Amino acid sequence: MSLLDDPDDELLARVFLTRVIEPGDEAGGRWVREFGVGGVVRRLVEGGVPLPGVSGKRWAGLLARAAVARPRRDLEVARDAGVRFVCPGDAEWPGQLDDLGDARPLGLWVRGKPSLRMWALRSVALVGARACTEYGAHMAATLAAGLAEQGWVVVSGGAYGVDGAAHRGALGAGGATVAVLACGVDRPYPRGHTQLIGRIAEQGLVIGELPPGDHPTPSRFILRNRVIAALTRGTVVVEAAHRSGSLVTARAAQRLGRHTMGVPGPATSALSAGVHELLRAEAALVTDAADVVELVGDIGQLAPDRRGPVLPRDLLEPAARQVLAALPGRRAARPDEIARRAQTAQDDAIARLYELRALGYVERHGDGWKLTRQAVMSVRGGPEP
């Protein structure tokens with residue numbers, strides 16, 4: 001069906017262009033900016049003067065795509081699948097995607113009930129290796145669940161490995177998650193995640209730039225990552241080798257001025273080498289949801305101080321701790337020796353020794369004082385009764 005009847009219909013024109021121009025094509029975005037959506041569609045439908053900067057071979061390819069584009073049919077197929085098309089300027093359009101400039105999506109196909117714009121306002125991307133380790137899957141699921149419990153939307157790519165673990169972690173916590181696909185949202189990919197992506201569509205959102213039925217390609221996966229980076233307040237990379245596609249998402253986030261974070265892994269793990277490279281640059285190290293929220297959240301949302309468990313000896317007054325530390329580990333000592341090592345007066349040392357005896361830390365041995373077994377374990381940092 002030709003669009004010459006009404007090339008200025010913004011919705012139909014943009015749906016038409018999603019069949020003709022590849023996601024992330026900055027030349028296409030520049031044409032739309034300079035000539036308007038209707039102007040670009042007219043040039044493609046009429047097949048006249050090529051658009052600026054297009055070789056003859058590429059122009060022929062664009063015209064061939066335009067000849068078979070059927071935007072009305074795409075909209076009908078989408079509606080039957082419970083999918084809507086959201087254009088820039090619509091009430092549901094996430095304004096942060098405009099930061100992509102000429103690489104901004106022509107529109108987004110959205111499957112699911114919530115408002116994409118509202119969910120994107122408080123979202124974090126969790127990405128990483130497809131062939132992740134058990135550690136990577138555990139960290140992704142734990143981080144996603146923690147973020148979901150704090151009211152954050154978890155965004156990922158729906159792939160195997162870290163992506164799938166992140167989506168499952170958010171869903172398991174009863175939280176919100178968004179899958180950004182590199183294919184038509186009515187045909188989930190990978191096929192092994194059909195059930196998972198169906199759950200996401202029921203409980204959250206599944207979105208993509210490609211029209212119904214379109215298939216993924218390696219380049220589309222890479223270009224999809226810029227949408228994940230732009231849509232969210234920050235990107236967390238859980239596991240990634242040096243050439244991982246998730247590093248593309250992290251670097252896109254850095255270029256866009258978003259927060260970039262990484263979860264450290266074993267120094268010997270090749271799957272963490274890319275993350276460690278990020279951490280040596282400008283990425284922030286995070287280990288749990290509280291760390292992430294401290295970076296991407298509102299002012300005052302601080303992660304708790306990291307410290308070990310409070311031990312009984314930590315509750316002693318400083319002077320008593322000093323005297324306790326002055327006792328030898330394996331023998332009794334006289335009060336004058338203890339006072340000297342504690343750098344205090346002998347009378348004060350004796351007073352503290354009696355306090356420590358009442359608490360079970362020391363005992364009398366003739367004229368001397370000795371640590372009890374409880375105190376030896378406490379001073380050495382072992383388990384305490």
# chains A, B, ... in the order shown; residues from 1 in each chain; ligands from 1
call {"tool": "residues_around", "arguments": {"residues": "region 59-73 of chain A", "least_positions_apart": "2", "cutoff": "9 Å", "atoms": "only C-alpha atoms", "output": "list in words"}}
result
Met1, Ser2, Leu3, Leu12, Ala13, Arg14, Val15, Phe16, Leu17, Thr18, Arg19, Val20, Ile21, Val41, Leu44, Val45, Glu46, Gly47, Pro50, Leu51, Val54, Ser55, Gly56, Lys57, Leu75, Glu76, Val77 and Ala78 of chain A
call {"tool": "write_last_selection", "arguments": {"atoms": "C-alpha atoms", "output": "PDB file, in the first residue's frame"}}
result
ATOM      1  CA  MET A   1       0.000   0.000   0.000  1.00  0.00           C
ATOM      2  CA  SER A   2       1.404   3.383  -0.954  1.00  0.00           C
ATOM      3  CA  LEU A   3       1.826   6.163   1.568  1.00  0.00           C
ATOM      4  CA  LEU A  12       2.180   5.508   9.514  1.00  0.00           C
ATOM      5  CA  ALA A  13       5.272   7.265   8.197  1.00  0.00           C
ATOM      6  CA  ARG A  14       7.435   6.205  11.137  1.00  0.00           C
ATOM      7  CA  VAL A  15       6.136   2.633  11.004  1.00  0.00           C
ATOM      8  CA  PHE A  16       7.003   2.653   7.294  1.00  0.00           C
ATOM      9  CA  LEU A  17      10.543   3.848   8.023  1.00  0.00           C
ATOM     10  CA  THR A  18      11.145   1.094  10.588  1.00  0.00           C
ATOM     11  CA  ARG A  19      10.898  -1.304   7.624  1.00  0.00           C
ATOM     12  CA  VAL A  20      13.317   0.706   5.508  1.00  0.00           C
ATOM     13  CA  ILE A  21      15.977   2.255   7.771  1.00  0.00           C
ATOM     14  CA  VAL A  41       8.853   8.927   2.975  1.00  0.00           C
ATOM     15  CA  LEU A  44      11.557   6.794  -0.816  1.00  0.00           C
ATOM     16  CA  VAL A  45       8.119   6.116  -2.306  1.00  0.00           C
ATOM     17  CA  GLU A  46       8.610   8.251  -5.415  1.00  0.00           C
ATOM     18  CA  GLY A  47      12.139   6.904  -5.982  1.00  0.00           C
ATOM     19  CA  PRO A  50      18.458  10.064  -3.796  1.00  0.00           C
ATOM     20  CA  LEU A  51      18.708  11.353  -0.274  1.00  0.00           C
ATOM     21  CA  VAL A  54      23.610   7.761  -0.291  1.00  0.00           C
ATOM     22  CA  SER A  55      25.532   5.659  -2.791  1.00  0.00           C
ATOM     23  CA  GLY A  56      23.686   4.278  -5.784  1.00  0.00           C
ATOM     24  CA  LYS A  57      23.865   0.744  -4.403  1.00  0.00           C
ATOM     25  CA  LEU A  75       0.066  -1.997  12.809  1.00  0.00           C
ATOM     26  CA  GLU A  76      -2.700  -4.581  12.457  1.00  0.00           C
ATOM     27  CA  VAL A  77      -0.330  -7.466  13.212  1.00  0.00           C
ATOM     28  CA  ALA A  78       1.011  -5.545  16.184  1.00  0.00           C
TER      29      ALA A  78
END
call {"tool": "residues_around", "arguments": {"residues": "region 163-179 of chain A", "least_positions_apart": "2", "cutoff": "7 Å", "atoms": "only C-alpha atoms", "output": "ChimeraX atom specification"}}
result
/A:126-128,137,140-142,144-145,148-149,153-161,181,200,203-207
call {"tool": "write_last_selection", "arguments": {"atoms": "N, CA, C and O atoms", "output": "short mmCIF file (atom, residue, chain, number, x, y, z; two decimals), in the first residue's frame"}}
result
data_model
loop_
_atom_site.label_atom_id
_atom_site.label_comp_id
_atom_site.auth_asym_id
_atom_site.auth_seq_id
_atom_site.Cartn_x
_atom_site.Cartn_y
_atom_site.Cartn_z
N LEU A 126 21.01 -3.86 33.69
CA LEU A 126 21.90 -4.93 34.15
C LEU A 126 22.24 -5.78 32.94
O LEU A 126 21.35 -6.40 32.35
N VAL A 127 23.52 -5.80 32.57
CA VAL A 127 23.93 -6.53 31.38
C VAL A 127 25.17 -7.35 31.68
O VAL A 127 25.83 -7.14 32.70
N GLY A 128 25.51 -8.27 30.78
CA GLY A 128 26.70 -9.08 30.99
C GLY A 128 26.77 -10.24 30.02
O GLY A 128 26.05 -10.29 29.02
N ALA A 137 25.56 -15.32 37.26
CA ALA A 137 24.11 -15.46 37.32
C ALA A 137 23.58 -15.12 38.70
O ALA A 137 22.53 -14.45 38.84
N ALA A 140 23.78 -11.28 39.22
CA ALA A 140 22.77 -10.57 38.41
C ALA A 140 21.39 -10.71 39.04
O ALA A 140 20.65 -9.72 39.17
N ALA A 141 21.03 -11.93 39.44
CA ALA A 141 19.71 -12.15 40.04
C ALA A 141 19.58 -11.43 41.37
O ALA A 141 18.54 -10.83 41.67
N THR A 142 20.64 -11.46 42.18
CA THR A 142 20.61 -10.81 43.49
C THR A 142 20.50 -9.30 43.36
O THR A 142 19.72 -8.64 44.06
N ALA A 144 19.31 -7.65 40.77
CA ALA A 144 17.99 -7.31 40.20
C ALA A 144 16.91 -7.39 41.27
O ALA A 144 16.04 -6.51 41.34
N ALA A 145 16.94 -8.43 42.08
CA ALA A 145 15.94 -8.56 43.13
C ALA A 145 16.05 -7.40 44.12
O ALA A 145 15.03 -6.82 44.54
N ALA A 148 14.69 -4.26 42.48
CA ALA A 148 13.23 -4.34 42.37
C ALA A 148 12.56 -4.09 43.71
O ALA A 148 11.54 -3.40 43.80
N GLU A 149 13.14 -4.62 44.78
CA GLU A 149 12.57 -4.44 46.11
C GLU A 149 12.62 -2.97 46.55
O GLU A 149 11.82 -2.54 47.38
N VAL A 153 13.26 -0.20 38.28
CA VAL A 153 12.96 -1.03 37.12
C VAL A 153 14.27 -1.58 36.56
O VAL A 153 15.21 -0.82 36.32
N VAL A 154 14.33 -2.88 36.36
CA VAL A 154 15.53 -3.53 35.83
C VAL A 154 15.37 -3.71 34.32
O VAL A 154 14.41 -4.32 33.86
N VAL A 155 16.32 -3.17 33.57
CA VAL A 155 16.28 -3.23 32.11
C VAL A 155 17.44 -4.10 31.62
O VAL A 155 18.57 -3.94 32.07
N SER A 156 17.14 -5.02 30.71
CA SER A 156 18.19 -5.86 30.14
C SER A 156 17.74 -6.30 28.74
O SER A 156 16.72 -5.84 28.23
N GLY A 157 18.55 -7.19 28.13
CA GLY A 157 18.32 -7.51 26.74
C GLY A 157 17.62 -8.81 26.44
O GLY A 157 17.50 -9.21 25.28
N GLY A 158 17.16 -9.53 27.49
CA GLY A 158 16.41 -10.76 27.26
C GLY A 158 17.24 -11.94 26.80
O GLY A 158 16.69 -12.99 26.47
N ALA A 159 18.57 -11.81 26.77
CA ALA A 159 19.43 -12.88 26.26
C ALA A 159 19.68 -13.94 27.33
O ALA A 159 19.29 -13.80 28.49
N TYR A 160 20.38 -15.00 26.92
CA TYR A 160 20.82 -16.01 27.89
C TYR A 160 21.85 -15.39 28.84
O TYR A 160 22.39 -14.32 28.59
N GLY A 161 22.13 -16.09 29.92
CA GLY A 161 23.18 -15.66 30.83
C GLY A 161 22.74 -14.58 31.78
O GLY A 161 21.68 -14.66 32.42
N LEU A 181 14.60 -5.89 22.96
CA LEU A 181 14.94 -6.94 22.00
C LEU A 181 15.55 -6.36 20.73
O LEU A 181 15.30 -5.21 20.36
N ILE A 200 7.68 -11.54 31.13
CA ILE A 200 8.06 -10.12 31.20
C ILE A 200 6.96 -9.26 30.60
O ILE A 200 6.61 -8.20 31.15
N GLN A 203 4.13 -9.04 33.19
CA GLN A 203 4.44 -8.33 34.43
C GLN A 203 5.16 -7.01 34.19
O GLN A 203 5.18 -6.15 35.05
N GLY A 204 5.75 -6.86 32.99
CA GLY A 204 6.53 -5.66 32.71
C GLY A 204 6.35 -5.21 31.28
O GLY A 204 5.23 -5.11 30.78
N LEU A 205 7.48 -4.97 30.59
CA LEU A 205 7.44 -4.46 29.22
C LEU A 205 8.49 -5.17 28.36
O LEU A 205 9.59 -5.44 28.83
N VAL A 206 8.12 -5.43 27.11
CA VAL A 206 9.06 -5.90 26.10
C VAL A 206 9.04 -4.87 24.98
O VAL A 206 7.98 -4.54 24.45
N ILE A 207 10.21 -4.32 24.62
CA ILE A 207 10.25 -3.24 23.63
C ILE A 207 11.32 -3.53 22.58
O ILE A 207 12.23 -4.33 22.80
#
call {"tool": "closest_atom_pairs", "arguments": {"of": "region 341-360 of chain A", "to": "region 326-332 of chain A", "cutoff": "12 Å", "atoms": "only C-alpha atoms", "output": "JSON lines"}}
result
{"residue": "A:Arg341", "atom": "CA", "partner": "A:Ala326", "partner_atom": "CA", "distance": 5.4}
{"residue": "A:Ala342", "atom": "CA", "partner": "A:Ala326", "partner_atom": "CA", "distance": 5.3}
{"residue": "A:Gln343", "atom": "CA", "partner": "A:Ala326", "partner_atom": "CA", "distance": 9.0}
{"residue": "A:Thr344", "atom": "CA", "partner": "A:Ala326", "partner_atom": "CA", "distance": 10.5}
{"residue": "A:Ala349", "atom": "CA", "partner": "A:Ala326", "partner_atom": "CA", "distance": 9.8}
{"residue": "A:Arg352", "atom": "CA", "partner": "A:Ala326", "partner_atom": "CA", "distance": 11.5}
{"residue": "A:Leu353", "atom": "CA", "partner": "A:Leu327", "partner_atom": "CA", "distance": 9.9}
{"residue": "A:Leu356", "atom": "CA", "partner": "A:Leu327", "partner_atom": "CA", "distance": 11.4}
call {"tool": "closest_residue", "arguments": {"among": "A:Tyr354, A:Trp119, A:Trp109, A:Phe221", "to": "Gln96 (chain A)", "atoms": "only C-alpha atoms"}}
result
A:Trp119
call {"tool": "residues_around", "arguments": {"residues": "Asp98 (chain A)", "least_positions_apart": "2", "cutoff": "12 Å", "atoms": "only C-alpha atoms", "output": "list of chain:residue names"}}
result
A:Gly29, A:Cys87, A:Pro88, A:Gly89, A:Trp93, A:Pro94, A:Gly95, A:Gln96, A:Leu100, A:Gly101, A:Asp102, A:Ala103, A:Arg104, A:Pro105, A:Leu106, A:Gly107, A:Arg226, A:Val227, A:Ala230, A:Leu231, A:Leu256
call {"tool": "select_by_dssp", "arguments": {"residues": "region 88-296 of chain A", "states": "strand (DSSP E or B)", "output": "PyMOL selection string"}}
result
chain A and resi 108-111+123-127+153-156+177-181+205-208+234-237+259-262+284-285
call {"tool": "atom_distance", "arguments": {"atom1": "CA of Gly136 (chain A)", "atom2": "CA of Ser272 (chain A)"}}
result
9.1 Å
call {"tool": "residues_around", "arguments": {"residues": "Thr235 (chain A)", "least_positions_apart": "3", "cutoff": "8 Å", "atoms": "only C-alpha atoms", "output": "MDAnalysis selection string"}}
result
chainID A and resid 124:127 229 232 249:250 253 258:261
call {"tool": "write_last_selection", "arguments": {"atoms": "N, CA, C and O atoms", "output": "mmCIF file, in the first residue's frame"}}
result
data_model
loop_
_atom_site.group_PDB
_atom_site.id
_atom_site.type_symbol
_atom_site.label_atom_id
_atom_site.label_comp_id
_atom_site.auth_asym_id
_atom_site.auth_seq_id
_atom_site.Cartn_x
_atom_site.Cartn_y
_atom_site.Cartn_z
ATOM 1 N N VAL A 124 17.398 0.964 35.837
ATOM 2 C CA VAL A 124 18.823 0.623 35.812
ATOM 3 C C VAL A 124 19.010 -0.542 34.858
ATOM 4 O O VAL A 124 18.218 -1.490 34.858
ATOM 5 N N ALA A 125 20.061 -0.488 34.044
ATOM 6 C CA ALA A 125 20.377 -1.588 33.134
ATOM 7 C C ALA A 125 21.319 -2.571 33.813
ATOM 8 O O ALA A 125 22.307 -2.177 34.442
ATOM 9 N N LEU A 126 21.014 -3.856 33.689
ATOM 10 C CA LEU A 126 21.899 -4.928 34.154
ATOM 11 C C LEU A 126 22.240 -5.779 32.942
ATOM 12 O O LEU A 126 21.349 -6.405 32.355
ATOM 13 N N VAL A 127 23.518 -5.805 32.569
ATOM 14 C CA VAL A 127 23.925 -6.534 31.377
ATOM 15 C C VAL A 127 25.175 -7.347 31.684
ATOM 16 O O VAL A 127 25.833 -7.142 32.699
ATOM 17 N N ALA A 229 21.286 1.694 27.102
ATOM 18 C CA ALA A 229 22.102 2.693 27.809
ATOM 19 C C ALA A 229 21.368 4.017 27.967
ATOM 20 O O ALA A 229 21.406 4.645 29.030
ATOM 21 N N THR A 232 18.099 4.236 30.565
ATOM 22 C CA THR A 232 18.268 4.034 31.999
ATOM 23 C C THR A 232 19.169 5.094 32.624
ATOM 24 O O THR A 232 19.915 5.787 31.936
ATOM 25 N N THR A 249 27.376 -1.468 25.649
ATOM 26 C CA THR A 249 26.339 -0.773 26.423
ATOM 27 C C THR A 249 26.970 0.157 27.442
ATOM 28 O O THR A 249 26.546 1.313 27.593
ATOM 29 N N ALA A 250 27.989 -0.324 28.148
ATOM 30 C CA ALA A 250 28.647 0.488 29.178
ATOM 31 C C ALA A 250 29.303 1.726 28.566
ATOM 32 O O ALA A 250 29.194 2.831 29.102
ATOM 33 N N ALA A 253 26.727 4.207 27.630
ATOM 34 C CA ALA A 253 26.263 4.905 28.833
ATOM 35 C C ALA A 253 27.243 6.009 29.228
ATOM 36 O O ALA A 253 26.834 7.117 29.603
ATOM 37 N N ARG A 258 25.647 8.794 31.493
ATOM 38 C CA ARG A 258 24.975 7.971 32.486
ATOM 39 C C ARG A 258 26.021 7.326 33.400
ATOM 40 O O ARG A 258 27.204 7.231 33.065
ATOM 41 N N HIS A 259 25.570 6.835 34.527
ATOM 42 C CA HIS A 259 26.467 6.124 35.443
ATOM 43 C C HIS A 259 26.856 4.773 34.840
ATOM 44 O O HIS A 259 26.021 4.070 34.268
ATOM 45 N N THR A 260 28.124 4.422 34.972
ATOM 46 C CA THR A 260 28.618 3.131 34.519
ATOM 47 C C THR A 260 29.215 2.399 35.709
ATOM 48 O O THR A 260 30.058 2.943 36.422
ATOM 49 N N MET A 261 28.756 1.174 35.935
ATOM 50 C CA MET A 261 29.162 0.403 37.112
ATOM 51 C C MET A 261 29.580 -1.003 36.711
ATOM 52 O O MET A 261 29.153 -1.510 35.678
#
call {"tool": "atom_distance", "arguments": {"atom1": "CA of Val286 (chain A)", "atom2": "CA of Ile222 (chain A)"}}
result
24.5 Å
call {"tool": "closest_residue", "arguments": {"among": "A:Ala131, A:Val292, A:Leu108, A:Leu271", "to": "Val185 (chain A)", "atoms": "only C-alpha atoms"}}
result
A:Leu108
call {"tool": "closest_residue", "arguments": {"among": "A:Ser123, A:Gln254, A:Ser244, A:Gln195", "to": "Gly274 (chain A)", "atoms": "only C-alpha atoms"}}
result
A:Ser244
call {"tool": "select_by_dssp", "arguments": {"residues": "region 232-339 of chain A", "states": "helix (DSSP H, G or I)", "output": "ChimeraX atom specification"}}
result
/A:245-255,270-280,289-296,312-315,318-326,335-339
call {"tool": "residues_around", "arguments": {"residues": "Pro52 (chain A)", "least_positions_apart": "4", "cutoff": "12 Å", "atoms": "only C-alpha atoms", "output": "VMD selection string"}}
result
chain A and resid 27 to 28 30 to 32 34 to 35 40 43 56 58 to 59
call {"tool": "atom_distance", "arguments": {"atom1": "CA of Asp25 (chain A)", "atom2": "CA of Asp90 (chain A)"}}
result
21.4 Å
call {"tool": "decode", "arguments": {"residues": "region 202-228 of chain A", "atoms": "N, CA and C atoms", "output": "JSON list (two decimals), in the first residue's frame"}}
result
[["chain", "number", "residue", "atom", "x", "y", "z"],
["A", 202, "GLU", "N", 3.83, -9.87, 30.53],
["A", 202, "GLU", "CA", 2.67, -9.86, 31.42],
["A", 202, "GLU", "C", 2.91, -8.98, 32.64],
["A", 203, "GLN", "N", 4.13, -9.04, 33.19],
["A", 203, "GLN", "CA", 4.44, -8.33, 34.43],
["A", 203, "GLN", "C", 5.16, -7.01, 34.19],
["A", 204, "GLY", "N", 5.75, -6.86, 32.99],
["A", 204, "GLY", "CA", 6.53, -5.66, 32.71],
["A", 204, "GLY", "C", 6.35, -5.21, 31.28],
["A", 205, "LEU", "N", 7.48, -4.97, 30.59],
["A", 205, "LEU", "CA", 7.44, -4.46, 29.22],
["A", 205, "LEU", "C", 8.49, -5.17, 28.36],
["A", 206, "VAL", "N", 8.12, -5.43, 27.11],
["A", 206, "VAL", "CA", 9.06, -5.90, 26.10],
["A", 206, "VAL", "C", 9.04, -4.87, 24.98],
["A", 207, "ILE", "N", 10.21, -4.32, 24.62],
["A", 207, "ILE", "CA", 10.25, -3.24, 23.63],
["A", 207, "ILE", "C", 11.32, -3.53, 22.58],
["A", 208, "GLY", "N", 11.21, -2.87, 21.44],
["A", 208, "GLY", "CA", 12.19, -3.02, 20.38],
["A", 208, "GLY", "C", 11.92, -2.01, 19.27],
["A", 209, "GLU", "N", 12.93, -1.82, 18.40],
["A", 209, "GLU", "CA", 12.80, -0.88, 17.30],
["A", 209, "GLU", "C", 12.28, -1.52, 16.03],
["A", 210, "LEU", "N", 12.41, -2.84, 15.93],
["A", 210, "LEU", "CA", 12.11, -3.52, 14.67],
["A", 210, "LEU", "C", 10.63, -3.90, 14.59],
["A", 211, "PRO", "N", 10.06, -3.85, 13.40],
["A", 211, "PRO", "CA", 8.62, -4.13, 13.24],
["A", 211, "PRO", "C", 8.29, -5.60, 13.46],
["A", 212, "PRO", "N", 7.02, -5.93, 13.57],
["A", 212, "PRO", "CA", 6.61, -7.31, 13.86],
["A", 212, "PRO", "C", 7.22, -8.32, 12.89],
["A", 213, "GLY", "N", 7.67, -9.44, 13.46],
["A", 213, "GLY", "CA", 8.19, -10.53, 12.65],
["A", 213, "GLY", "C", 9.63, -10.38, 12.21],
["A", 214, "ASP", "N", 10.25, -9.21, 12.44],
["A", 214, "ASP", "CA", 11.62, -9.02, 11.97],
["A", 214, "ASP", "C", 12.59, -9.81, 12.82],
["A", 215, "HIS", "N", 13.70, -10.21, 12.22],
["A", 215, "HIS", "CA", 14.64, -11.12, 12.87],
["A", 215, "HIS", "C", 15.87, -10.37, 13.36],
["A", 216, "PRO", "N", 16.60, -10.93, 14.32],
["A", 216, "PRO", "CA", 17.81, -10.28, 14.81],
["A", 216, "PRO", "C", 19.02, -10.60, 13.92],
["A", 217, "THR", "N", 20.00, -9.70, 13.93],
["A", 217, "THR", "CA", 21.29, -9.92, 13.27],
["A", 217, "THR", "C", 22.37, -9.44, 14.24],
["A", 218, "PRO", "N", 23.62, -9.84, 14.05],
["A", 218, "PRO", "CA", 24.69, -9.39, 14.96],
["A", 218, "PRO", "C", 24.75, -7.87, 15.11],
["A", 219, "SER", "N", 24.60, -7.15, 14.01],
["A", 219, "SER", "CA", 24.68, -5.69, 14.10],
["A", 219, "SER", "C", 23.49, -5.11, 14.87],
["A", 220, "ARG", "N", 22.35, -5.74, 14.76],
["A", 220, "ARG", "CA", 21.16, -5.25, 15.47],
["A", 220, "ARG", "C", 21.30, -5.43, 16.98],
["A", 221, "PHE", "N", 21.98, -6.52, 17.40],
["A", 221, "PHE", "CA", 22.23, -6.69, 18.83],
["A", 221, "PHE", "C", 23.10, -5.54, 19.35],
["A", 222, "ILE", "N", 24.15, -5.20, 18.59],
["A", 222, "ILE", "CA", 25.06, -4.14, 19.03],
["A", 222, "ILE", "C", 24.33, -2.80, 19.09],
["A", 223, "LEU", "N", 23.54, -2.50, 18.06],
["A", 223, "LEU", "CA", 22.84, -1.21, 18.02],
["A", 223, "LEU", "C", 21.72, -1.14, 19.05],
["A", 224, "ARG", "N", 21.14, -2.29, 19.40],
["A", 224, "ARG", "CA", 20.11, -2.33, 20.45],
["A", 224, "ARG", "C", 20.66, -1.81, 21.78],
["A", 225, "ASN", "N", 21.95, -2.04, 22.01],
["A", 225, "ASN", "CA", 22.55, -1.69, 23.30],
["A", 225, "ASN", "C", 22.52, -0.20, 23.58],
["A", 226, "ARG", "N", 22.54, 0.63, 22.55],
["A", 226, "ARG", "CA", 22.50, 2.08, 22.78],
["A", 226, "ARG", "C", 21.16, 2.48, 23.40],
["A", 227, "VAL", "N", 20.08, 1.75, 23.05],
["A", 227, "VAL", "CA", 18.76, 2.04, 23.62],
["A", 227, "VAL", "C", 18.74, 1.69, 25.10],
["A", 228, "ILE", "N", 19.33, 0.55, 25.45],
["A", 228, "ILE", "CA", 19.41, 0.15, 26.86],
["A", 228, "ILE", "C", 20.16, 1.21, 27.65]]
